[in-house]
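Coordinates from final.cif are shown below (mmCIF, C-alpha atoms and all ligand atoms).
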data_coords
loop_
_atom_site.label_atom_id
_atom_site.label_comp_id
_atom_site.auth_asym_id
_atom_site.auth_seq_id
_atom_site.Cartn_x
_atom_site.Cartn_y
_atom_site.Cartn_z
CA MET L 1 86.54 -18.05 -30.25
CA LEU L 2 89.26 -16.00 -28.75
CA ASP L 3 92.29 -17.26 -26.96
CA TRP L 4 91.98 -15.21 -23.79
CA THR L 5 94.94 -16.60 -21.97
CA GLY L 6 97.58 -17.63 -24.46
CA ALA L 7 98.71 -14.30 -25.91
CA GLU L 8 102.44 -13.68 -25.67
CA ILE L 9 102.80 -10.21 -24.26
CA PRO L 10 106.18 -8.52 -24.42
CA ARG L 11 107.25 -7.10 -21.08
CA VAL L 12 109.61 -4.45 -22.40
CA LYS L 13 109.43 -0.74 -22.31
CA GLU L 14 109.81 1.33 -25.39
CA LEU L 15 110.12 5.03 -25.76
CA ARG L 16 110.25 7.12 -28.87
CA SER L 17 110.07 10.85 -28.97
CA VAL L 18 107.35 12.59 -30.90
CA SER L 19 105.80 15.97 -30.52
CA VAL L 20 102.97 15.97 -28.05
CA THR L 21 100.13 18.40 -27.64
CA HIS L 22 98.32 18.68 -24.37
CA GLU L 23 95.14 20.58 -24.99
CA SER L 24 93.06 21.31 -21.99
CA VAL L 25 89.51 22.52 -21.80
CA GLU L 26 90.89 26.05 -21.44
CA SER L 27 92.88 25.96 -24.69
CA GLN L 28 90.30 24.12 -26.72
CA ALA L 29 86.64 24.09 -25.85
CA ALA L 30 86.03 20.46 -26.77
CA THR L 31 82.78 19.02 -25.55
CA ALA L 32 82.53 15.66 -23.87
CA GLN L 33 80.40 14.48 -26.78
CA GLU L 34 83.14 15.39 -29.26
CA LEU L 35 85.67 13.42 -27.25
CA LEU L 36 83.31 10.45 -27.10
CA ASP L 37 82.71 10.68 -30.86
CA ASP L 38 86.46 10.92 -31.51
CA TYR L 39 87.38 7.93 -29.31
CA LYS L 40 88.63 4.96 -31.29
CA ALA L 41 89.91 1.51 -30.36
CA GLY L 42 93.33 1.71 -28.70
CA ASP L 43 92.71 5.16 -27.15
CA PHE L 44 92.27 5.93 -23.47
CA PHE L 45 88.95 7.44 -22.39
CA LEU L 46 87.59 8.34 -18.97
CA ALA L 47 84.32 10.11 -18.19
CA THR L 48 83.68 11.16 -14.58
CA LYS L 49 81.27 13.55 -12.90
CA ARG L 50 83.93 16.26 -13.13
CA ARG L 51 85.55 15.80 -16.53
CA THR L 52 85.94 13.79 -19.72
CA LEU L 53 89.40 12.82 -20.86
CA LEU L 54 90.58 11.40 -24.19
CA GLY L 55 94.17 10.27 -24.74
CA ALA L 56 94.88 9.39 -28.36
CA GLY L 57 98.01 8.06 -30.01
CA LYS L 58 101.12 6.74 -28.31
CA ALA L 59 104.17 8.92 -27.71
CA ALA L 60 105.59 6.32 -25.33
CA GLU L 61 104.45 3.07 -23.79
CA PHE L 62 105.55 1.24 -20.66
CA THR L 63 104.59 -2.29 -19.77
CA ASP L 64 105.59 -3.95 -16.54
CA ILE L 65 104.11 -6.54 -14.20
CA ASP L 66 105.49 -4.69 -11.18
CA ALA L 67 103.11 -1.81 -10.50
CA VAL L 68 105.48 0.18 -8.28
CA ARG L 69 108.25 0.01 -10.91
CA LEU L 70 105.74 1.03 -13.56
CA SER L 71 104.71 4.05 -11.47
CA GLU L 72 108.37 5.05 -11.11
CA HIS L 73 109.06 4.72 -14.87
CA THR L 74 105.95 6.73 -15.58
CA ALA L 75 106.92 9.54 -13.18
CA ALA L 76 110.42 9.70 -14.71
CA ALA L 77 109.02 9.77 -18.25
CA LEU L 78 106.51 12.50 -17.39
CA ALA L 79 109.27 14.62 -15.86
CA ASP L 80 111.22 14.52 -19.18
CA SER L 81 108.34 14.81 -21.57
CA PRO L 82 105.97 17.50 -22.78
CA ALA L 83 103.15 14.93 -22.70
CA GLY L 84 101.84 16.19 -19.37
CA LEU L 85 99.78 13.09 -18.68
CA ALA L 86 100.01 9.31 -18.77
CA ALA L 87 97.10 6.87 -18.75
CA GLY L 88 96.48 3.15 -18.79
CA ALA L 89 95.55 0.00 -16.94
CA LEU L 90 97.04 -2.35 -14.36
CA PRO L 91 95.97 -6.01 -14.37
CA PHE L 92 94.36 -7.79 -11.43
CA ASP L 93 97.49 -9.79 -10.69
CA THR L 94 100.56 -7.60 -10.44
CA THR L 95 102.68 -10.48 -9.13
CA ALA L 96 102.30 -13.22 -11.77
CA THR L 97 105.49 -13.49 -13.80
CA ALA L 98 103.64 -14.84 -16.83
CA GLY L 99 100.53 -12.69 -16.51
CA ALA L 100 99.25 -9.62 -18.27
CA PRO L 101 101.46 -6.59 -17.58
CA GLY L 102 100.39 -3.11 -16.53
CA ARG L 103 100.34 -0.81 -19.52
CA ILE L 104 100.82 2.94 -19.32
CA VAL L 105 100.83 5.19 -22.38
CA LEU L 106 101.93 8.78 -22.80
CA PRO L 107 99.38 9.79 -25.43
CA GLU L 108 100.37 11.99 -28.36
CA ARG L 109 97.29 14.10 -27.81
CA VAL L 110 95.33 14.63 -24.60
CA ARG L 111 92.00 16.44 -24.66
CA ILE L 112 89.95 17.25 -21.60
CA ALA L 113 86.36 18.47 -21.51
CA GLY L 114 83.68 18.95 -18.88
CA PRO L 115 81.36 16.18 -17.70
CA ALA L 116 79.48 14.17 -20.32
CA HIS L 117 76.18 14.44 -18.45
CA PRO L 118 73.64 15.84 -18.82
CA GLY L 119 74.72 16.76 -22.39
CA VAL L 120 74.90 13.20 -23.73
CA ALA L 121 71.68 12.01 -22.09
CA GLY L 122 69.48 12.50 -25.16
CA LEU L 123 71.89 11.01 -27.72
CA PRO L 124 70.68 7.96 -29.64
CA ARG L 125 72.10 4.62 -28.54
CA ARG L 126 74.32 2.68 -30.92
CA THR L 127 73.85 -0.88 -32.10
CA VAL L 128 76.68 -3.13 -31.03
CA GLY L 129 76.08 -6.01 -33.46
CA ILE L 130 74.46 -9.36 -33.88
CA PRO L 131 75.51 -11.91 -31.25
CA ILE L 132 76.00 -15.43 -32.61
CA GLY L 133 76.94 -17.23 -29.41
CA SER L 134 77.50 -16.84 -25.70
CA ARG L 135 79.13 -18.95 -23.01
CA SER L 136 79.25 -18.68 -19.25
CA VAL L 137 82.71 -19.44 -17.80
CA PRO L 138 82.37 -21.45 -15.65
CA GLU L 139 78.82 -22.81 -15.93
CA PRO L 140 76.68 -21.06 -13.29
CA ALA L 141 76.44 -24.27 -11.21
CA ARG L 142 80.26 -24.47 -11.07
CA HIS L 143 80.42 -20.88 -9.79
CA VAL L 144 78.00 -21.83 -7.00
CA GLU L 145 80.31 -24.75 -6.14
CA ALA L 146 83.38 -22.51 -6.09
CA VAL L 147 81.60 -20.10 -3.73
CA SER L 148 80.66 -23.05 -1.47
CA ARG L 149 84.29 -24.17 -1.36
CA ALA L 150 85.39 -20.66 -0.47
CA ILE L 151 82.79 -20.49 2.32
CA THR L 152 84.20 -23.72 3.81
CA MET L 153 87.66 -22.12 3.92
CA LEU L 154 86.24 -18.91 5.35
CA ARG L 155 84.53 -20.87 8.13
CA HIS L 156 87.86 -22.46 9.00
CA ARG L 157 89.14 -18.90 9.47
CA LYS L 158 92.07 -19.17 7.09
CA LEU L 159 90.56 -16.30 5.25
CA ARG L 160 88.32 -13.32 6.12
CA LYS L 161 87.10 -12.48 2.63
CA VAL L 162 87.63 -13.60 -0.96
CA VAL L 163 86.17 -12.19 -4.17
CA LEU L 164 85.15 -14.74 -6.78
CA ALA L 165 84.19 -13.82 -10.31
CA ARG L 166 82.79 -15.44 -13.40
CA ALA L 167 83.04 -14.53 -17.05
CA LEU L 168 80.64 -14.35 -19.94
CA ASP L 169 81.91 -14.66 -23.51
CA VAL L 170 79.86 -13.27 -26.36
CA GLU L 171 80.75 -13.72 -30.00
CA PHE L 172 79.38 -11.51 -32.76
CA ALA L 173 78.88 -11.92 -36.51
CA ASP L 174 81.12 -8.90 -37.17
CA PRO L 175 84.12 -7.34 -35.43
CA VAL L 176 83.12 -5.55 -32.23
CA ASP L 177 83.95 -1.86 -32.04
CA PRO L 178 84.63 -0.86 -28.41
CA ALA L 179 83.48 2.68 -29.38
CA THR L 180 79.86 1.54 -29.70
CA ILE L 181 79.90 -0.11 -26.26
CA LEU L 182 81.65 2.90 -24.72
CA HIS L 183 79.09 5.24 -26.29
CA ASN L 184 76.17 3.39 -24.69
CA LEU L 185 77.99 3.01 -21.35
CA VAL L 186 78.56 6.77 -21.20
CA LEU L 187 74.88 7.40 -21.97
CA ASP L 188 73.76 4.93 -19.27
CA ASN L 189 76.11 6.03 -16.48
CA ALA L 190 75.90 9.63 -15.29
CA ASN L 191 77.94 8.87 -12.17
CA GLY L 192 81.06 6.88 -11.56
CA TYR L 193 83.88 6.25 -14.03
CA THR L 194 83.18 5.16 -17.59
CA TYR L 195 86.34 4.07 -19.30
CA ALA L 196 88.17 2.50 -22.19
CA ALA L 197 91.85 1.59 -22.31
CA GLY L 198 93.95 0.03 -25.05
CA LEU L 199 95.60 -3.20 -23.88
CA PRO L 200 98.65 -5.14 -25.08
CA GLY L 201 97.93 -7.29 -28.11
CA GLY L 202 95.46 -4.80 -29.62
CA ARG L 203 92.64 -5.53 -27.20
CA ASP L 204 90.51 -2.95 -25.44
CA LEU L 205 89.09 -2.81 -21.96
CA VAL L 206 85.76 -1.01 -21.74
CA GLY L 207 83.55 -0.54 -18.71
CA ALA L 208 81.65 1.66 -16.25
CA THR L 209 82.66 1.32 -12.61
CA PRO L 210 81.27 3.15 -9.61
CA GLU L 211 84.42 2.58 -7.57
CA LEU L 212 87.30 5.03 -7.12
CA LEU L 213 90.49 3.28 -6.03
CA ILE L 214 92.32 6.56 -5.41
CA SER L 215 92.53 10.13 -6.61
CA ARG L 216 95.17 12.73 -5.82
CA THR L 217 94.73 16.47 -6.32
CA GLY L 218 97.75 18.27 -4.87
CA ARG L 219 97.95 16.92 -1.34
CA SER L 220 94.33 15.90 -1.23
CA VAL L 221 93.82 12.13 -1.44
CA LEU L 222 90.45 10.43 -1.88
CA ALA L 223 89.40 6.78 -1.99
CA HIS L 224 85.85 5.49 -2.34
CA PRO L 225 85.95 1.72 -1.72
CA HIS L 226 82.78 -0.30 -2.38
CA ALA L 227 81.71 -3.64 -0.94
CA GLY L 228 78.23 -4.94 -0.28
CA SER L 229 75.76 -5.16 -3.17
CA ALA L 230 72.07 -5.57 -3.95
CA PRO L 231 70.29 -5.56 -7.32
CA ARG L 232 68.29 -2.53 -8.52
CA SER L 233 64.71 -3.15 -9.54
CA ASP L 234 62.34 -1.42 -12.00
CA ASP L 235 59.68 -1.66 -9.31
CA PRO L 236 60.25 1.29 -6.92
CA ALA L 237 59.01 -0.58 -3.83
CA THR L 238 61.29 -3.59 -4.51
CA ASP L 239 64.17 -1.24 -5.33
CA ALA L 240 63.79 0.62 -2.03
CA ALA L 241 63.41 -2.67 -0.13
CA ASN L 242 66.63 -3.99 -1.69
CA ALA L 243 68.47 -0.83 -0.61
CA ASP L 244 67.07 -1.05 2.93
CA ALA L 245 68.01 -4.74 3.18
CA LEU L 246 71.56 -3.90 2.08
CA LEU L 247 71.88 -1.16 4.69
CA ALA L 248 70.66 -3.62 7.34
CA SER L 249 72.74 -6.63 6.21
CA ALA L 250 75.34 -7.76 8.76
CA LYS L 251 77.05 -9.90 6.07
CA ASP L 252 77.46 -6.90 3.73
CA HIS L 253 78.72 -4.70 6.56
CA THR L 254 81.34 -7.35 7.39
CA GLU L 255 82.47 -7.47 3.73
CA HIS L 256 82.67 -3.70 3.77
CA ALA L 257 84.51 -3.39 7.09
CA VAL L 258 87.29 -5.74 5.91
CA LEU L 259 87.77 -3.51 2.86
CA VAL L 260 87.79 -0.17 4.69
CA GLU L 261 90.24 -1.54 7.26
CA ALA L 262 92.67 -2.55 4.48
CA VAL L 263 92.41 0.76 2.61
CA VAL L 264 92.97 2.75 5.81
CA GLN L 265 95.93 0.56 6.74
CA THR L 266 97.58 1.08 3.33
CA LEU L 267 96.91 4.82 3.15
CA GLY L 268 98.00 5.39 6.77
CA PRO L 269 101.74 5.71 6.09
CA PHE L 270 101.15 8.00 3.08
CA CYS L 271 98.64 10.40 4.64
CA ARG L 272 97.93 12.55 7.65
CA ASN L 273 94.46 13.54 8.82
CA LEU L 274 92.78 10.45 7.37
CA HIS L 275 89.05 10.89 7.62
CA VAL L 276 87.03 7.68 7.73
CA PRO L 277 83.25 7.86 8.23
CA ALA L 278 82.02 5.45 10.90
CA GLU L 279 79.37 3.94 8.62
CA PRO L 280 79.26 3.29 4.87
CA SER L 281 76.62 5.00 2.76
CA LEU L 282 74.46 3.78 -0.07
CA VAL L 283 75.76 4.17 -3.64
CA ALA L 284 73.34 3.79 -6.56
CA THR L 285 74.39 2.60 -10.00
CA PRO L 286 71.72 1.99 -12.66
CA THR L 287 71.99 -1.78 -12.07
CA VAL L 288 73.31 -2.36 -8.51
CA TRP L 289 73.17 -0.78 -5.05
CA HIS L 290 76.42 -0.72 -3.08
CA LEU L 291 77.82 0.24 0.27
CA GLY L 292 80.61 2.80 -0.16
CA THR L 293 82.87 4.77 2.20
CA THR L 294 84.56 8.01 1.19
CA ILE L 295 88.01 8.10 2.78
CA SER L 296 89.99 11.33 2.54
CA GLY L 297 93.44 12.34 3.68
CA GLU L 298 96.32 14.72 3.20
CA LEU L 299 99.39 13.41 1.42
CA ILE L 300 102.57 13.67 3.52
CA ASP L 301 105.10 13.43 0.66
CA PRO L 302 104.02 15.35 -2.47
CA ASP L 303 106.36 13.19 -4.60
CA VAL L 304 104.04 10.21 -4.14
CA THR L 305 101.98 10.18 -7.33
CA ALA L 306 98.40 9.01 -7.83
CA LEU L 307 99.73 5.97 -9.71
CA ARG L 308 102.14 5.14 -6.87
CA LEU L 309 99.21 5.24 -4.43
CA ALA L 310 97.17 3.03 -6.76
CA ALA L 311 100.07 0.56 -6.89
CA ALA L 312 100.19 0.49 -3.09
CA LEU L 313 96.45 -0.05 -2.66
CA HIS L 314 95.82 -2.54 -5.43
CA PRO L 315 94.46 -5.22 -5.06
CA THR L 316 92.09 -4.16 -2.30
CA PRO L 317 89.71 -6.64 -0.66
CA ALA L 318 86.95 -5.14 -2.89
CA ILE L 319 88.21 -7.33 -5.73
CA CYS L 320 90.68 -9.80 -4.12
CA GLY L 321 90.26 -10.56 -0.42
CA THR L 322 91.97 -10.71 2.98
CA PRO L 323 94.69 -11.76 3.60
CA THR L 324 95.69 -10.60 0.11
CA GLU L 325 98.18 -13.33 -0.88
CA PHE L 326 96.03 -16.18 0.33
CA ALA L 327 92.92 -14.71 -1.33
CA ARG L 328 94.78 -14.15 -4.63
CA GLU L 329 95.98 -17.74 -4.58
CA LEU L 330 92.46 -19.00 -3.95
CA VAL L 331 91.09 -16.86 -6.78
CA GLY L 332 93.65 -18.54 -9.07
CA LYS L 333 92.56 -21.97 -7.89
CA LEU L 334 88.79 -21.48 -7.94
CA GLU L 335 88.32 -19.38 -11.08
CA PRO L 336 88.83 -21.29 -14.37
CA PHE L 337 90.24 -18.25 -16.22
CA GLN L 338 92.83 -15.51 -15.94
CA ARG L 339 91.29 -12.21 -14.90
CA GLY L 340 93.58 -10.18 -17.13
CA TYR L 341 92.68 -6.52 -16.60
CA TYR L 342 89.32 -7.20 -14.96
CA ALA L 343 89.57 -6.20 -11.29
CA GLY L 344 92.71 -4.22 -12.09
CA THR L 345 92.72 -0.45 -12.17
CA VAL L 346 92.39 2.17 -14.94
CA GLY L 347 93.28 5.81 -14.77
CA TRP L 348 95.68 8.63 -15.42
CA VAL L 349 98.50 10.50 -13.70
CA ASP L 350 99.95 13.87 -14.67
CA ALA L 351 103.40 15.41 -14.39
CA LYS L 352 102.52 16.92 -10.98
CA GLY L 353 101.51 13.48 -9.70
CA ASP L 354 97.80 14.20 -9.65
CA GLY L 355 95.47 11.60 -11.09
CA GLU L 356 92.49 9.29 -10.75
CA TRP L 357 92.48 5.49 -10.70
CA ALA L 358 89.22 3.56 -10.78
CA VAL L 359 88.66 -0.11 -9.97
CA ALA L 360 88.30 -1.89 -13.35
CA ILE L 361 85.02 -3.73 -12.79
CA ARG L 362 81.72 -3.84 -14.77
CA CYS L 363 83.87 -4.28 -17.84
CA ALA L 364 84.63 -6.35 -20.90
CA GLU L 365 87.81 -7.13 -22.77
CA VAL L 366 87.07 -6.71 -26.46
CA ALA L 367 89.05 -8.41 -29.23
CA GLY L 368 88.08 -9.15 -32.82
CA HIS L 369 84.59 -10.60 -33.11
CA GLY L 370 84.22 -11.31 -29.41
CA LEU L 371 84.35 -10.02 -25.92
CA ARG L 372 84.62 -11.36 -22.42
CA MET L 373 82.67 -9.73 -19.59
CA TYR L 374 83.42 -10.29 -15.92
CA ALA L 375 81.48 -9.96 -12.69
CA GLY L 376 82.42 -10.97 -9.17
CA GLY L 377 81.36 -10.62 -5.60
CA GLY L 378 82.90 -10.65 -2.14
CA ILE L 379 82.41 -13.83 -0.12
CA VAL L 380 82.52 -13.96 3.67
CA ALA L 381 81.77 -16.85 6.05
CA ASP L 382 78.01 -16.23 6.08
CA SER L 383 77.57 -15.69 2.33
CA GLU L 384 74.97 -17.76 0.50
CA PRO L 385 76.20 -19.34 -2.78
CA HIS L 386 73.02 -18.83 -4.84
CA ALA L 387 72.73 -15.22 -3.72
CA GLU L 388 76.34 -14.73 -4.87
CA LEU L 389 75.45 -16.11 -8.31
CA ALA L 390 72.50 -13.68 -8.50
CA GLU L 391 74.79 -10.82 -7.48
CA THR L 392 77.14 -11.51 -10.39
CA SER L 393 74.14 -11.65 -12.77
CA ALA L 394 73.05 -8.18 -11.57
CA LYS L 395 76.57 -6.86 -12.08
CA PHE L 396 76.71 -8.21 -15.66
CA GLN L 397 73.71 -6.00 -16.48
CA THR L 398 75.90 -2.88 -16.79
CA LEU L 399 77.61 -4.33 -19.88
CA LEU L 400 74.65 -6.33 -21.16
CA ARG L 401 72.47 -3.20 -21.24
CA ALA L 402 75.15 -1.27 -23.06
CA MET L 403 75.28 -4.02 -25.67
CA GLY L 404 71.50 -4.19 -25.94
CA LEU L 405 71.58 -7.85 -24.90
CA GLU L 406 69.07 -9.65 -22.76
CA LEU L 407 70.82 -12.85 -21.81
CA ASP L 408 69.59 -15.37 -19.29
CA PHE L 409 72.44 -17.31 -17.76
C1 LIG L 501 84.05 -7.54 -7.99
C2 LIG L 501 83.09 -6.72 -8.38
O1 LIG L 501 82.58 -5.73 -7.60
C3 LIG L 501 83.12 -5.46 -6.31
C4 LIG L 501 82.48 -6.29 -5.28
C5 LIG L 501 81.43 -5.82 -4.54
C6 LIG L 501 80.73 -6.74 -3.57
O2 LIG L 501 81.19 -7.85 -3.38
O3 LIG L 501 79.69 -6.35 -2.99
C7 LIG L 501 80.99 -4.49 -4.67
C8 LIG L 501 81.64 -3.63 -5.46
C9 LIG L 501 82.94 -3.98 -6.07
O4 LIG L 501 83.96 -3.59 -5.21
C10 LIG L 501 82.53 -6.77 -9.76
O5 LIG L 501 81.67 -5.96 -10.08
O6 LIG L 501 82.96 -7.64 -10.54
#
Whole structure, structure tokens version:
Amino acid sequence: MLDWTGAEIPRVKELRSVSVTHESVESQAATAQELLDDYKAGDFFLATKRRTLLGAGKAAEFTDIDAVRLSEHTAAALADSPAGLAAGALPFDTTATAGAPGRIVLPERVRIAGPAHPGVAGLPRRTVGIPIGSRSVPEPARHVEAVSRAITMLRHRKLRKVVLARALDVEFADPVDPATILHNLVLDNANGYTYAAGLPGGRDLVGATPELLISRTGRSVLAHPHAGSAPRSDDPATDAANADALLASAKDHTEHAVLVEAVVQTLGPFCRNLHVPAEPSLVATPTVWHLGTTISGELIDPDVTALRLAAALHPTPAICGTPTEFARELVGKLEPFQRGYYAGTVGWVDAKGDGEWAVAIRCAEVAGHGLRMYAGGGIVADSEPHAELAETSAKFQTLLRAMGLELDF
């Protein structure tokens, strides 16, 4: 099995100059399907409702634990380079000195096409491979215990919210190609952000998240934080009942309010005219319902890039908790694994500072013959431990479906 925590990752930046081509949809009419077909392990890929982006090759690479420093290096490199765009991933923990570093690449070749859907909808699915073993980390009963411990702390009011996750390892008979998982994820997810990013050590992060951490287009800033979840159901009546129960759930509205408050507080100094709807709305993914709030604002200082905003916001209480430091510490104590890039952020930033950064959830880290999937949920004082376990199972379905796996765990 893989050693998910022990890899020695160099925290140096390297830069070599190569010629870079930045082909946009205007200069080359690539289709989203072509970009998906051309994606290979190590590349950066992002499909959204508006566009499909493929960054291939590596003109320059920056790795740094400190997300703000990484955003500054990236902005400086983009100013001096014909690359036009940088893309990559930040880990969950951007404070751990020995943890996984953020990794930003200036690709040698960037290609942008229109949205993948509806064009890809009829494509055949790909077969990911034959699984030979799986393991829940921790055992489901231990996750329930961890949630119970967190609830005790929440009731003592040291904490308002904490997000606890569990992992699922799957090992295959043959090496896993992230391209096959990405292909199926793109087919399954017409909305949201379907992504792949090369990681240090030759691994790949692949996933489909509904959640936008931040986007910047000129002075226009958008965040779409999510908190509050309920499973989808194949039975329309149950599905609608689950959505109604979520909209009526005081616990889920509390989880959501803590998140929106934190996002608004962080964006406040960067933006004017922040618009925050009074109530969240329902977001549908193929596997989970969520509560989401679209927050928009106008950037005060145009030099603040999308990546700099992502560095300021991350980690939000959607994936960490409140207060941040205490929640992060508790996550480290209660989860028996390092999150790595799960619950980090993936995205791109261009030379103007525009970009999109999505919350890296509903994902797997792929390496060699195996992969590790992650799913978590926000816990507040009136959470119920077994319901939290069920919530993580529903969230695993995004990846399990894409891999054609029906696992009971
Ligand atoms: C942490 C995850 O999801 C986050 C937690 C949510 C919740 O607690 O309701 C909802 C959406 C995400 O912000 C995950 O999918 O692993």
Within 9 Å of ligand LIG 501 (chain L): each chain L residue with its shortest pair, only C-alpha atoms and all ligand atoms, as CSV:
residue,atom,partner,partner_atom,distance
L:Val162,CA,L:LIG501,O2,9.0
L:Val163,CA,L:LIG501,C1,6.4
L:Leu164,CA,L:LIG501,C1,7.4
L:Ala165,CA,L:LIG501,O6,6.3
L:Arg166,CA,L:LIG501,O6,8.3
L:Thr209,CA,L:LIG501,O5,7.8
L:Pro210,CA,L:LIG501,C8,8.0
L:Glu211,CA,L:LIG501,O4,6.6
L:Pro225,CA,L:LIG501,O4,6.7
L:His226,CA,L:LIG501,O4,4.5
L:Ala227,CA,L:LIG501,C7,3.9
L:Gly228,CA,L:LIG501,O3,3.4
L:Ser229,CA,L:LIG501,O3,4.1
L:Ala230,CA,L:LIG501,O3,7.7
L:Asp252,CA,L:LIG501,O3,7.1
L:Glu255,CA,L:LIG501,O2,7.2
L:His256,CA,L:LIG501,O3,7.8
L:Leu259,CA,L:LIG501,O4,8.9
L:Val288,CA,L:LIG501,C7,8.8
L:Trp289,CA,L:LIG501,C7,8.7
L:His290,CA,L:LIG501,C7,6.1
L:Leu291,CA,L:LIG501,C7,7.5
L:Gly292,CA,L:LIG501,C8,8.4
L:Thr316,CA,L:LIG501,O4,8.7
L:Pro317,CA,L:LIG501,O4,7.9
L:Ala318,CA,L:LIG501,O4,4.1
L:Ile319,CA,L:LIG501,C1,4.7
L:Cys320,CA,L:LIG501,C1,8.0
L:Tyr342,CA,L:LIG501,O6,7.8
L:Ala343,CA,L:LIG501,C1,6.6
L:Val359,CA,L:LIG501,O4,7.5
L:Ala360,CA,L:LIG501,O6,8.3
L:Ile361,CA,L:LIG501,O5,4.9
L:Arg362,CA,L:LIG501,O5,5.1
L:Cys363,CA,L:LIG501,O6,8.1
L:Tyr374,CA,L:LIG501,O6,6.0
L:Ala375,CA,L:LIG501,O6,3.5
L:Gly376,CA,L:LIG501,O6,3.6
L:Gly377,CA,L:LIG501,O2,3.6
L:Gly378,CA,L:LIG501,O2,3.5
L:Ile379,CA,L:LIG501,O2,6.9
L:Glu388,CA,L:LIG501,O2,8.5
L:Glu391,CA,L:LIG501,O3,8.0
L:Thr392,CA,L:LIG501,O6,7.0
L:Lys395,CA,L:LIG501,O5,5.6
L:Phe396,CA,L:LIG501,O5,7.8
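One distance worth recording is that between CA of Leu187 in chain L and CA of Ala402 in chain L, which is 8.7 Å.
The gap separating CA of Ala243 in chain L from CA of Arg149 in chain L is 28.2 Å, in Å to one decimal.
Surrounding residues of (93.8, 2.1, -28.1) at most 8 Å away are Lys40, Ala41, Gly42, Asp43, Phe44, Ala56, Gly57, Ala197, Gly198, Leu199, Gly202, Arg203 and Asp204 of chain L (based on all atoms listed in the file).
Of note, CA of Ser281 in chain L and CA of Ala87 in chain L are spaced 29.8 Å apart.
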Polymer residues at most 12 Å from Pro118 in chain L, only C-alpha atoms, same-chain spacing of 3 or more positions, as an NGL selection string = :L and (31-33 or 48-50 or 114-115 or 121-123 or 186-191)
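Within the 9 Å cut-off around Leu70 in chain L, using all atoms listed in the file and omitting residues fewer than 2 positions from it on the same chain, the listed residues are Phe62, Thr63, Asp64, Ile65, Asp66, Ala67, Val68, Glu72, His73, Thr74, Ala75, Gly102, Arg103, Ile104, Leu307, Arg308 and Ala311 of chain L.
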Within 12 Å of Gly268 in chain L, counting all atoms listed in the file, which residues show up once you throw out same-chain ones fewer than 2 positions away? Write them as a list in words, please.
-> Val221, Val260, Glu261, Ala262, Val263, Val264, Gln265, Thr266, Phe270, Cys271, Arg272, Asn273, Leu274, His275, Val276, Ile295, Ser296, Gly297, Glu298, Leu299, Ile300, Leu309, Ala312 and Leu313 of chain L
Proximity to Leu159 in chain L - best of L:Arg125, L:Arg328, L:Arg216, L:His224, only C-alpha atoms = L:Arg328
